[in-house]
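A.B. asks: Structure: coords-v1.cif, mmCIF, C-alpha atoms.
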data_work
#
loop_
_atom_site.label_atom_id
_atom_site.label_comp_id
_atom_site.auth_asym_id
_atom_site.auth_seq_id
_atom_site.Cartn_x
_atom_site.Cartn_y
_atom_site.Cartn_z
CA MET A 21 -59.07 -6.53 52.75
CA LEU A 22 -59.76 -10.23 52.17
CA LEU A 23 -57.04 -12.64 53.22
CA VAL A 24 -56.35 -16.05 51.68
CA CYS A 25 -56.16 -18.93 54.16
CA THR A 26 -52.86 -20.62 53.30
CA THR A 27 -52.65 -23.07 56.22
CA CYS A 28 -54.90 -24.56 58.85
CA TYR A 29 -52.25 -25.85 61.26
CA THR A 30 -52.68 -25.44 65.03
CA GLU A 31 -50.18 -25.86 67.84
CA ALA A 32 -51.41 -29.41 68.36
CA GLN A 33 -50.65 -30.21 64.73
CA GLN A 34 -47.15 -28.84 65.09
CA GLN A 35 -46.72 -31.44 67.83
CA ASN A 36 -48.15 -34.02 65.42
CA VAL A 37 -51.25 -34.59 67.59
CA ILE A 38 -54.65 -33.73 66.09
CA ASN A 39 -57.94 -34.17 67.92
CA VAL A 40 -60.92 -34.23 65.55
CA GLY A 41 -64.58 -34.07 66.46
CA ILE A 42 -67.41 -35.13 64.14
CA MET A 43 -70.79 -33.62 65.10
CA LEU A 44 -73.18 -34.71 62.38
CA PRO A 45 -76.27 -36.94 62.11
CA LEU A 46 -74.59 -40.37 62.01
CA HIS A 47 -77.46 -42.83 61.75
CA ASN A 48 -79.48 -44.92 59.32
CA ASN A 49 -82.87 -43.39 60.09
CA ASN A 50 -83.13 -41.14 57.03
CA GLY A 51 -81.25 -39.77 54.05
CA ASP A 52 -79.43 -37.11 56.06
CA GLY A 53 -77.99 -39.72 58.40
CA ARG A 54 -76.97 -42.10 55.63
CA ARG A 55 -75.29 -39.31 53.65
CA MET A 56 -73.38 -38.10 56.69
CA LEU A 57 -72.31 -41.64 57.55
CA GLU A 58 -70.77 -41.88 54.10
CA TYR A 59 -69.10 -38.49 54.54
CA TYR A 60 -67.70 -39.69 57.88
CA ARG A 61 -66.37 -42.85 56.25
CA GLY A 62 -64.47 -40.68 53.80
CA ILE A 63 -62.90 -38.83 56.72
CA LEU A 64 -61.90 -42.17 58.24
CA MET A 65 -60.22 -43.22 54.99
CA ALA A 66 -58.21 -39.99 54.98
CA VAL A 67 -57.23 -40.44 58.63
CA GLU A 68 -56.09 -44.00 57.97
CA LYS A 69 -53.89 -42.75 55.14
CA LEU A 70 -52.48 -39.90 57.20
CA LYS A 71 -51.64 -42.25 60.06
CA THR A 72 -49.50 -44.34 57.72
CA GLU A 73 -47.63 -41.11 56.95
CA GLY A 74 -46.84 -40.50 60.62
CA HIS A 75 -49.71 -38.28 61.74
CA ASN A 76 -51.17 -38.86 65.19
CA ILE A 77 -54.93 -38.27 64.91
CA ASN A 78 -57.67 -38.95 67.44
CA ILE A 79 -61.29 -39.08 66.23
CA HIS A 80 -64.28 -38.32 68.47
CA THR A 81 -67.76 -38.84 67.01
CA TRP A 82 -71.17 -37.67 68.20
CA ASN A 83 -74.48 -38.44 66.54
CA VAL A 84 -76.24 -35.05 66.33
CA PRO A 85 -79.61 -35.56 64.58
CA GLU A 86 -81.90 -32.71 63.58
CA GLU A 87 -83.94 -32.74 66.79
CA ALA A 88 -80.87 -32.83 69.07
CA ASP A 89 -79.90 -30.04 71.46
CA ILE A 90 -76.24 -29.70 70.48
CA ARG A 91 -75.49 -28.00 73.79
CA THR A 92 -75.85 -31.42 75.44
CA THR A 93 -73.30 -32.83 73.01
CA LEU A 94 -70.87 -30.04 73.82
CA LEU A 95 -70.88 -31.04 77.48
CA GLN A 96 -69.57 -34.51 76.71
CA GLU A 97 -66.00 -35.57 77.39
CA GLY A 98 -63.52 -34.72 74.67
CA ALA A 99 -65.52 -32.00 72.97
CA ASN A 100 -63.51 -29.08 74.34
CA THR A 101 -60.15 -30.71 73.54
CA CYS A 102 -60.75 -30.91 69.79
CA ASN A 103 -58.58 -28.99 67.35
CA TYR A 104 -61.25 -29.35 64.65
CA ILE A 105 -64.96 -30.04 64.71
CA PHE A 106 -66.72 -31.01 61.47
CA GLY A 107 -70.36 -29.96 61.70
CA PRO A 108 -73.14 -29.28 62.19
CA LEU A 109 -75.52 -30.15 59.38
CA TYR A 110 -78.51 -28.13 60.59
CA THR A 111 -78.73 -24.35 60.73
CA ARG A 112 -80.32 -24.10 64.18
CA GLN A 113 -77.25 -25.82 65.70
CA VAL A 114 -74.69 -23.49 64.14
CA LYS A 115 -74.71 -20.63 66.64
CA GLN A 116 -74.28 -22.82 69.73
CA LEU A 117 -71.44 -24.79 68.14
CA GLY A 118 -69.88 -21.59 66.82
CA ASP A 119 -69.84 -19.98 70.27
CA PHE A 120 -68.33 -23.16 71.74
CA CYS A 121 -65.57 -23.30 69.11
CA ARG A 122 -64.75 -19.63 69.61
CA ALA A 123 -64.53 -20.11 73.39
CA TYR A 124 -62.16 -23.10 73.11
CA ASN A 125 -60.20 -21.97 70.03
CA ILE A 126 -61.46 -24.88 67.91
CA LYS A 127 -61.61 -24.66 64.13
CA MET A 128 -65.18 -25.33 63.03
CA VAL A 129 -65.65 -26.82 59.55
CA ILE A 130 -69.21 -26.44 58.23
CA PRO A 131 -69.20 -28.82 55.26
CA PHE A 132 -72.71 -28.52 53.81
CA SER A 133 -75.62 -26.19 53.18
CA ILE A 134 -76.74 -23.94 56.02
CA SER A 135 -78.53 -20.61 56.35
CA SER A 136 -76.31 -18.73 58.77
CA ASN A 137 -73.99 -15.74 58.79
CA GLU A 138 -71.73 -17.26 61.45
CA VAL A 139 -68.77 -17.22 59.06
CA ASP A 140 -69.08 -13.44 58.78
CA THR A 141 -68.53 -12.87 62.50
CA ASN A 142 -66.72 -15.92 63.91
CA PRO A 143 -62.99 -16.26 63.07
CA MET A 144 -63.02 -20.00 63.91
CA VAL A 145 -65.50 -20.91 61.15
CA TYR A 146 -64.61 -22.45 57.78
CA GLN A 147 -67.70 -22.41 55.56
CA VAL A 148 -67.24 -24.94 52.75
CA TYR A 149 -70.69 -24.73 51.13
CA GLN A 150 -71.30 -22.17 48.41
CA SER A 151 -74.81 -21.01 47.60
CA ASN A 152 -76.30 -21.12 44.10
CA THR A 153 -76.20 -17.32 44.12
CA ASP A 154 -72.44 -17.34 44.77
CA ILE A 155 -71.83 -19.87 42.00
CA ASN A 156 -74.07 -17.97 39.56
CA ASN A 157 -72.34 -14.66 40.25
CA THR A 158 -68.92 -16.21 39.69
CA THR A 159 -70.14 -17.91 36.50
CA ILE A 160 -71.49 -14.64 35.11
CA GLN A 161 -68.12 -12.99 35.68
CA GLN A 162 -66.28 -15.90 34.05
CA ILE A 163 -68.46 -15.72 30.94
CA ALA A 164 -68.16 -11.95 30.66
CA ASP A 165 -64.38 -12.01 31.26
CA HIS A 166 -63.24 -15.09 29.34
CA PHE A 167 -65.80 -15.66 26.57
CA ASN A 168 -66.17 -12.07 25.38
CA ASN A 169 -64.65 -13.01 22.02
CA CYS A 170 -67.65 -15.25 21.35
CA HIS A 171 -71.00 -14.49 19.80
CA ILE A 172 -73.40 -15.45 22.60
CA VAL A 173 -76.69 -17.19 21.82
CA PHE A 174 -79.39 -17.80 24.45
CA ILE A 175 -81.78 -20.63 23.62
CA ASP A 176 -85.25 -20.68 25.11
CA CYS A 177 -86.08 -24.32 25.82
CA ASN A 178 -89.80 -23.83 26.61
CA ASP A 179 -89.22 -25.38 30.04
CA SER A 180 -91.95 -24.08 32.36
CA THR A 181 -90.26 -25.79 35.35
CA SER A 182 -86.88 -24.13 34.84
CA ASN A 183 -85.18 -22.27 37.70
CA LYS A 184 -82.52 -20.71 35.46
CA GLY A 185 -84.39 -17.52 34.64
CA ASN A 186 -82.66 -15.37 37.26
CA PHE A 187 -79.26 -16.56 36.08
CA THR A 188 -79.85 -15.92 32.37
CA MET A 189 -81.46 -12.54 33.05
CA SER A 190 -78.56 -11.45 35.28
CA LEU A 191 -76.08 -12.63 32.66
CA ARG A 192 -77.89 -10.73 29.91
CA ASN A 193 -77.88 -7.58 32.05
CA THR A 194 -74.13 -7.94 32.69
CA LEU A 195 -73.42 -8.46 28.99
CA THR A 196 -75.49 -5.41 28.10
CA GLN A 197 -73.64 -3.28 30.66
CA ARG A 198 -70.33 -4.37 29.15
CA GLY A 199 -71.47 -3.76 25.60
CA ILE A 200 -71.32 -7.45 24.65
CA SER A 201 -74.00 -8.34 22.12
CA PHE A 202 -76.06 -11.53 22.12
CA ASN A 203 -78.99 -13.14 20.35
CA ILE A 204 -82.01 -15.02 21.66
CA THR A 205 -83.68 -17.90 19.83
CA ASN A 206 -85.98 -20.81 20.58
CA VAL A 207 -85.32 -24.54 20.32
CA SER A 208 -88.64 -24.89 18.45
CA SER A 209 -87.78 -22.32 15.79
CA PRO A 210 -87.62 -23.57 12.19
CA ASP A 211 -84.07 -24.38 11.13
CA ASP A 212 -83.83 -21.47 8.69
CA ILE A 213 -84.79 -19.00 11.44
CA PHE A 214 -82.72 -20.76 14.14
CA VAL A 215 -79.50 -20.36 12.14
CA ARG A 216 -79.93 -16.59 11.88
CA SER A 217 -79.09 -16.21 15.58
CA PHE A 218 -75.64 -17.72 15.05
CA SER A 219 -72.45 -16.22 13.69
CA LEU A 220 -70.76 -18.01 10.82
CA SER A 221 -67.52 -16.07 11.30
CA GLN A 222 -66.80 -16.17 15.06
CA PRO A 223 -67.22 -18.79 17.79
CA ASN A 224 -70.73 -19.12 19.21
CA LEU A 225 -71.27 -19.62 22.93
CA VAL A 226 -74.64 -21.30 23.52
CA ILE A 227 -76.48 -20.92 26.83
CA LEU A 228 -79.77 -22.66 27.64
CA ASN A 229 -82.42 -21.44 30.05
CA SER A 230 -82.92 -24.98 31.36
CA GLY A 231 -80.69 -27.45 33.18
CA ARG A 232 -82.82 -30.53 32.44
CA SER A 233 -81.64 -33.47 30.35
CA PRO A 234 -84.58 -33.62 27.84
CA GLU A 235 -84.15 -29.94 26.96
CA LEU A 236 -80.38 -30.37 26.63
CA THR A 237 -80.91 -33.29 24.25
CA ALA A 238 -83.38 -31.28 22.16
CA VAL A 239 -80.90 -28.42 21.84
CA MET A 240 -78.04 -30.71 20.86
CA ASN A 241 -80.25 -32.33 18.23
CA LYS A 242 -80.92 -28.85 16.88
CA LEU A 243 -77.21 -28.02 16.93
CA ASP A 244 -76.45 -31.24 15.04
CA ILE A 245 -78.63 -30.01 12.19
CA LEU A 246 -77.12 -26.53 12.37
CA THR A 247 -73.51 -27.71 12.20
CA SER A 248 -74.13 -30.34 9.53
CA THR A 249 -75.74 -27.81 7.17
CA ASN A 250 -73.39 -24.88 7.84
CA ASN A 251 -69.77 -25.84 7.30
CA GLY A 252 -67.31 -24.12 9.62
CA VAL A 253 -69.78 -22.87 12.21
CA GLN A 254 -68.18 -23.09 15.67
CA VAL A 255 -70.34 -23.92 18.68
CA THR A 256 -69.39 -24.08 22.37
CA LEU A 257 -71.96 -25.14 24.96
CA PHE A 258 -71.92 -23.51 28.38
CA GLY A 259 -73.93 -25.55 30.81
CA TYR A 260 -75.01 -26.07 34.39
CA THR A 261 -73.65 -28.23 37.22
CA GLU A 262 -76.57 -30.65 36.76
CA TRP A 263 -75.12 -31.60 33.39
CA LEU A 264 -72.40 -33.54 35.19
CA MET A 265 -75.09 -36.12 35.95
CA TYR A 266 -75.62 -36.61 32.22
CA THR A 267 -71.99 -37.28 31.30
CA GLN A 268 -72.39 -41.02 30.69
CA MET A 269 -74.95 -40.49 27.92
CA ASN A 270 -73.56 -37.23 26.53
CA LYS A 271 -69.76 -37.40 26.81
CA GLU A 272 -69.19 -37.58 23.04
CA ARG A 273 -71.58 -34.74 22.29
CA PHE A 274 -70.16 -32.62 25.10
CA ALA A 275 -66.79 -33.07 23.40
CA LYS A 276 -68.26 -32.30 19.98
CA TYR A 277 -69.59 -28.98 21.30
CA ASN A 278 -66.54 -28.12 23.42
CA ALA A 279 -68.75 -27.94 26.53
CA PHE A 280 -67.90 -26.01 29.68
CA ILE A 281 -69.75 -26.85 32.90
CA PRO A 282 -69.35 -24.67 36.03
CA SER A 283 -69.04 -26.45 39.36
CA HIS A 284 -67.44 -26.41 42.81
CA PHE A 285 -66.61 -30.14 42.54
CA TYR A 286 -65.78 -32.73 39.90
CA TYR A 287 -66.20 -36.48 40.35
CA ASN A 288 -64.17 -37.86 37.46
CA GLU A 289 -65.44 -41.41 37.10
CA PHE A 290 -62.93 -42.00 34.30
CA SER A 291 -59.80 -41.36 36.41
CA SER A 292 -57.65 -44.12 37.90
CA ALA A 293 -57.46 -42.31 41.26
CA THR A 294 -61.24 -42.18 41.53
CA ASN A 295 -61.60 -45.86 40.67
CA GLU A 296 -58.93 -46.78 43.22
CA PHE A 297 -60.85 -44.88 45.89
CA LYS A 298 -64.09 -46.65 44.91
CA GLN A 299 -62.40 -50.02 45.27
CA LYS A 300 -60.89 -49.15 48.67
CA TYR A 301 -64.27 -47.92 49.91
CA ARG A 302 -65.95 -51.14 48.77
CA TRP A 303 -63.26 -53.24 50.46
CA ARG A 304 -63.29 -51.18 53.67
CA PHE A 305 -67.07 -50.91 54.16
CA HIS A 306 -68.38 -53.87 52.10
CA GLN A 307 -70.67 -51.74 49.96
CA ASP A 308 -70.53 -49.17 47.17
CA MET A 309 -70.82 -45.44 47.65
CA MET A 310 -74.24 -43.93 47.12
CA THR A 311 -74.90 -42.59 43.63
CA ALA A 312 -74.84 -38.85 44.25
CA LEU A 313 -73.09 -35.76 42.98
CA PRO A 314 -70.85 -34.98 44.69
CA ARG A 315 -69.95 -38.33 46.26
CA PHE A 316 -70.15 -37.85 50.02
CA ALA A 317 -67.33 -40.22 50.92
CA VAL A 318 -64.93 -38.51 48.51
CA THR A 319 -66.01 -35.13 49.89
CA GLY A 320 -65.19 -36.26 53.43
CA TYR A 321 -61.84 -37.62 52.27
CA ASP A 322 -60.88 -34.38 50.52
CA HIS A 323 -61.99 -32.22 53.45
CA ALA A 324 -60.01 -34.28 55.96
CA MET A 325 -56.88 -34.34 53.81
CA TYR A 326 -57.00 -30.57 53.45
CA PHE A 327 -57.65 -29.64 57.07
CA LEU A 328 -55.64 -32.35 58.81
CA SER A 329 -52.54 -32.26 56.61
CA GLY A 330 -52.77 -29.14 54.43
CA ASN A 331 -52.92 -31.41 51.36
CA ASN A 332 -55.13 -29.89 48.65
CA GLN A 333 -54.47 -32.62 46.07
CA TRP A 334 -58.17 -33.29 45.85
CA LEU A 335 -59.98 -36.20 44.24
CA GLN A 336 -63.26 -34.34 43.79
CA THR A 337 -63.55 -31.26 45.97
CA PRO A 338 -61.01 -28.42 45.75
CA LEU A 339 -60.95 -25.89 48.57
CA HIS A 340 -59.87 -22.26 48.45
CA PHE A 341 -60.71 -20.20 51.51
CA ILE A 342 -60.93 -16.42 51.70
CA GLN A 343 -61.06 -14.78 55.10
CA GLN A 344 -63.99 -12.46 55.68
CA PRO A 345 -63.11 -8.97 56.98
CA ASN A 346 -64.48 -9.53 60.50
CA GLY A 347 -65.01 -13.27 60.58
CA GLY A 348 -63.95 -16.68 59.43
CA PHE A 349 -63.12 -18.27 56.10
CA ARG A 350 -65.45 -18.79 53.17
CA ASN A 351 -64.73 -21.32 50.42
CA LYS A 352 -64.48 -19.71 46.97
CA ALA A 353 -63.22 -22.69 44.96
CA TYR A 354 -64.64 -22.71 41.44
CA MET A 355 -64.09 -24.89 38.41
CA LEU A 356 -65.00 -25.09 34.77
CA ILE A 357 -65.18 -28.70 33.60
CA HIS A 358 -64.12 -28.63 29.96
CA TYR A 359 -64.98 -31.47 27.59
CA LYS A 360 -62.32 -30.98 24.95
CA GLN A 361 -62.93 -31.80 21.32
CA ASP A 362 -60.09 -34.35 21.35
CA GLY A 363 -62.08 -36.39 23.90
CA GLY A 364 -60.14 -35.28 26.98
CA ILE A 365 -61.66 -33.70 30.07
CA GLU A 366 -59.95 -30.99 32.09
CA ALA A 367 -60.96 -29.32 35.34
CA ILE A 368 -59.92 -25.68 35.21
CA THR A 369 -59.72 -24.37 38.76
CA TYR A 370 -59.98 -20.75 39.90
#
Show the structure stored in the file as structure tokens.
C.D. replies:
Amino acid sequence: MLLVCTTCYTEAQQQNVINVGIMLPLHNNNGDGRRMLEYYRGILMAVEKLKTEGHNINIHTWNVPEEADIRTTLLQEGANTCNYIFGPLYTRQVKQLGDFCRAYNIKMVIPFSISSNEVDTNPMVYQVYQSNTDINNTTIQQIADHFNNCHIVFIDCNDSTSNKGNFTMSLRNTLTQRGISFNITNVSSPDDIFVRSFSLSQPNLVILNSGRSPELTAVMNKLDILTSTNNGVQVTLFGYTEWLMYTQMNKERFAKYNAFIPSHFYYNEFSSATNEFKQKYRWRFHQDMMTALPRFAVTGYDHAMYFLSGNNQWLQTPLHFIQQPNGGFRNKAYMLIHYKQDGGIEAITY
């Protein structure tokens, strides 16, 4: 039976003393280091806020680059007194840190992508990262469960570089198994043939086999013609996480086509809370956050707020941990970002 992690408090937290270790590449030598520095800054911003609320938090930091032997780091003063350790970034360091955290009863938060099964066997591990396979499987279930009243249309975008083939094929197999019909068409089809794949009497859910911006634009241009020449046809776009990068140029058209985008994060650049965080970061560190999705500083802030105070009022990164039968906790947070036709945006969390 899988158990939901409802709290991450330790005895030290109950005494209002929390010792936190950061074991990540914290340097300016390459992209990994710069990204992790920004993540660490987000943790610092959360700690500063929590201290104003009465929490007593001690931070210990160790620069653990890719070539480092993390066992040397673990011998340093303060490592074995941590209640939490955030890290590592690299797969080959996971086992050593996992054994250390198990031995000293330290909760180990692995925030980013790794290739390790440590979470399946180590009860001290909290694995935040979700693989593309996990996200795809959840997305397929969401479509089959919640959009089964729609007529589903797959559009071939003629994108030879696409990596979406496994997803669309798995989705088609699931729909077939459930007896849910669908049509397949091509973005290059003549308009009179293109329209035949759509229903004029029930909502159409459109799924592309490409996540790239040029192909998305070509499809929306095609849908513009379809909807302008067929009154009453209803179209909903179901997209990919990459589409969040295209929001600035496509927000109005996403709303027009009632778009849903699956993700495990949402950086809402239009919200007042996000803009306040951006301003505080700029004031605190005298520079802007890196342009990335998700934003690393906001990720660090959300992670620290959750683990160090139990606060899951996230700015960008919701967390929902499920305990593995013989191991630690795996994050299963999932969202659909919905661009509503009235212009609003909602993040539907599962």
A.B. asks: Could you tell me which of A:Met144, A:Asn203, A:Phe274, A:Phe258 comes closest to A:Gln343 if we count only C-alpha atoms?
C.D. replies: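 Closest to A:Gln343 of all the choices is A:Met144.
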A.B. asks: Of the candidates A:Phe106, A:Leu95, A:Ile245, A:Ala279, which shows the shortest atom-to-atom distance to A:Gly320, using all atoms listed in the file?
C.D. replies: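 Among A:Phe106, A:Leu95, A:Ile245, A:Ala279, it is A:Phe106 that comes nearest to A:Gly320.
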A.B. asks: When the PyMOL selection byres ((chain A and resi 366) around 10) is applied to the file above, which residues end up in the set, as number ranges by chain?
C.D. replies: A: 280, 286, 288, 355-360, 364-365, 367-369
A.B. asks: Taking all atoms listed in the file into account, which of A:Ile90, A:Val84, A:Met240, A:Ala66 comes nearest A:His47?
C.D. replies: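 Under the stated criterion, the closest residue is A:Val84.
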A.B. asks: Run the PyMOL selection byres ((chain A and resi 154) around 12) against the file shown and list the residues it catches, as a PyMOL selection string.
C.D. replies: chain A and resi 149-153+155-161+187+282-284+350-354
A.B. asks: What is the distance, in Å and to one decimal place, between atom CA of A:Asp212 and atom CA of A:Lys271?
C.D. replies: 27.9 Å
A.B. asks: Here's the selection I'm unsure about, the PyMOL selection byres ((chain A and resi 227-231) around 9); applied to the file above, which residues does it give, as a PDB file with C-alpha atoms, keeping the file's coordinate frame?
C.D. replies:
ATOM      1  CA  ILE A 172     -73.400 -15.450  22.600  1.00  0.00           C
ATOM      2  CA  VAL A 173     -76.690 -17.190  21.820  1.00  0.00           C
ATOM      3  CA  PHE A 174     -79.390 -17.800  24.450  1.00  0.00           C
ATOM      4  CA  ILE A 175     -81.780 -20.630  23.620  1.00  0.00           C
ATOM      5  CA  ASP A 176     -85.250 -20.680  25.110  1.00  0.00           C
ATOM      6  CA  CYS A 177     -86.080 -24.320  25.820  1.00  0.00           C
ATOM      7  CA  ASN A 178     -89.800 -23.830  26.610  1.00  0.00           C
ATOM      8  CA  ASP A 179     -89.220 -25.380  30.040  1.00  0.00           C
ATOM      9  CA  THR A 181     -90.260 -25.790  35.350  1.00  0.00           C
ATOM     10  CA  SER A 182     -86.880 -24.130  34.840  1.00  0.00           C
ATOM     11  CA  ASN A 183     -85.180 -22.270  37.700  1.00  0.00           C
ATOM     12  CA  LYS A 184     -82.520 -20.710  35.460  1.00  0.00           C
ATOM     13  CA  GLY A 185     -84.390 -17.520  34.640  1.00  0.00           C
ATOM     14  CA  PHE A 187     -79.260 -16.560  36.080  1.00  0.00           C
ATOM     15  CA  THR A 188     -79.850 -15.920  32.370  1.00  0.00           C
ATOM     16  CA  LEU A 225     -71.270 -19.620  22.930  1.00  0.00           C
ATOM     17  CA  VAL A 226     -74.640 -21.300  23.520  1.00  0.00           C
ATOM     18  CA  ARG A 232     -82.820 -30.530  32.440  1.00  0.00           C
ATOM     19  CA  SER A 233     -81.640 -33.470  30.350  1.00  0.00           C
ATOM     20  CA  GLU A 235     -84.150 -29.940  26.960  1.00  0.00           C
ATOM     21  CA  LEU A 236     -80.380 -30.370  26.630  1.00  0.00           C
ATOM     22  CA  VAL A 239     -80.900 -28.420  21.840  1.00  0.00           C
ATOM     23  CA  THR A 256     -69.390 -24.080  22.370  1.00  0.00           C
ATOM     24  CA  LEU A 257     -71.960 -25.140  24.960  1.00  0.00           C
ATOM     25  CA  PHE A 258     -71.920 -23.510  28.380  1.00  0.00           C
ATOM     26  CA  GLY A 259     -73.930 -25.550  30.810  1.00  0.00           C
ATOM     27  CA  TYR A 260     -75.010 -26.070  34.390  1.00  0.00           C
ATOM     28  CA  THR A 261     -73.650 -28.230  37.220  1.00  0.00           C
ATOM     29  CA  GLU A 262     -76.570 -30.650  36.760  1.00  0.00           C
ATOM     30  CA  TRP A 263     -75.120 -31.600  33.390  1.00  0.00           C
TER      31      TRP A 263
END
A.B. asks: Interatomic distance between atom CA of A:Cys121 and atom CA of A:Asn100?
C.D. replies: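 Those two atoms sit 8.1 Å apart.
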A.B. asks: In Å, rounded to a single decimal, give me how far atom CA of A:Phe218 is from atom CA of A:Cys170.
C.D. replies: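 Answer for the atom CA of A:Cys170 to atom CA of A:Phe218 separation: 10.5 Å.
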A.B. asks: So which residues are close to (-72.5, -38.6, 55.6), meaning at most 10 Å away in the file's coordinates with all atoms listed in the file counted, and can you show them as a ChimeraX atom specification?
C.D. replies: /A:44-47,51-63,109,315-317,319-320
A.B. asks: Using C-alpha atoms, can you export the residues from the last selection as a compact mmCIF listing (two decimals), in the coordinates of the input?
C.D. replies:
# COMPACT_ATOMS: atom_id res chain seq x y z
CA LEU A 44 -73.18 -34.71 62.38
CA PRO A 45 -76.27 -36.94 62.11
CA LEU A 46 -74.59 -40.37 62.01
CA HIS A 47 -77.46 -42.83 61.75
CA GLY A 51 -81.25 -39.77 54.05
CA ASP A 52 -79.43 -37.11 56.06
CA GLY A 53 -77.99 -39.72 58.40
CA ARG A 54 -76.97 -42.10 55.63
CA ARG A 55 -75.29 -39.31 53.65
CA MET A 56 -73.38 -38.10 56.69
CA LEU A 57 -72.31 -41.64 57.55
CA GLU A 58 -70.77 -41.88 54.10
CA TYR A 59 -69.10 -38.49 54.54
CA TYR A 60 -67.70 -39.69 57.88
CA ARG A 61 -66.37 -42.85 56.25
CA GLY A 62 -64.47 -40.68 53.80
CA ILE A 63 -62.90 -38.83 56.72
CA LEU A 109 -75.52 -30.15 59.38
CA ARG A 315 -69.95 -38.33 46.26
CA PHE A 316 -70.15 -37.85 50.02
CA ALA A 317 -67.33 -40.22 50.92
CA THR A 319 -66.01 -35.13 49.89
CA GLY A 320 -65.19 -36.26 53.43
A.B. asks: Please return as a PDB file with C-alpha atoms, in the coordinates of the input every residue within 12 Å of (-54.6, -33.3, 44.5), taking into account only C-alpha atoms and the file's own coordinates.
C.D. replies:
ATOM      1  CA  ALA A 293     -57.460 -42.310  41.260  1.00  0.00           C
ATOM      2  CA  THR A 294     -61.240 -42.180  41.530  1.00  0.00           C
ATOM      3  CA  TYR A 321     -61.840 -37.620  52.270  1.00  0.00           C
ATOM      4  CA  ASP A 322     -60.880 -34.380  50.520  1.00  0.00           C
ATOM      5  CA  HIS A 323     -61.990 -32.220  53.450  1.00  0.00           C
ATOM      6  CA  MET A 325     -56.880 -34.340  53.810  1.00  0.00           C
ATOM      7  CA  TYR A 326     -57.000 -30.570  53.450  1.00  0.00           C
ATOM      8  CA  GLY A 330     -52.770 -29.140  54.430  1.00  0.00           C
ATOM      9  CA  ASN A 331     -52.920 -31.410  51.360  1.00  0.00           C
ATOM     10  CA  ASN A 332     -55.130 -29.890  48.650  1.00  0.00           C
ATOM     11  CA  GLN A 333     -54.470 -32.620  46.070  1.00  0.00           C
ATOM     12  CA  TRP A 334     -58.170 -33.290  45.850  1.00  0.00           C
ATOM     13  CA  LEU A 335     -59.980 -36.200  44.240  1.00  0.00           C
ATOM     14  CA  GLN A 336     -63.260 -34.340  43.790  1.00  0.00           C
ATOM     15  CA  THR A 337     -63.550 -31.260  45.970  1.00  0.00           C
ATOM     16  CA  PRO A 338     -61.010 -28.420  45.750  1.00  0.00           C
ATOM     17  CA  LEU A 339     -60.950 -25.890  48.570  1.00  0.00           C
ATOM     18  CA  ALA A 367     -60.960 -29.320  35.340  1.00  0.00           C
ATOM     19  CA  THR A 369     -59.720 -24.370  38.760  1.00  0.00           C
TER      20      THR A 369
END
A.B. asks: Here is a test: counting all atoms listed in the file, which residue of A:Met309, A:Ala238, A:Ile77, A:Ile342 is nearest to A:Ser209?
C.D. replies: A:Ala238
A.B. asks: Point out the residue among A:Val255, A:Met65, A:Ile200, A:Ile42 with the least atom-to-atom distance to A:Leu117, counting only C-alpha atoms.
C.D. replies: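 Smallest separation from A:Leu117 among the options: A:Ile42.
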A.B. asks: Residues near A:Phe120, anyone? I mean within 12 Å using only C-alpha atoms, not counting same-chain ones fewer than 2 positions away, as a ChimeraX atom specification.
C.D. replies: /A:90-95,99-102,104-105,113-118,122-128,142,144-145
A.B. asks: I'd like the contact shell of A:His80 - 8 Å cut-off, only C-alpha atoms, skipping same-chain residues fewer than 2 positions apart - returned as a PyMOL selection string.
C.D. replies: chain A and resi 39-42+78+82+98-99
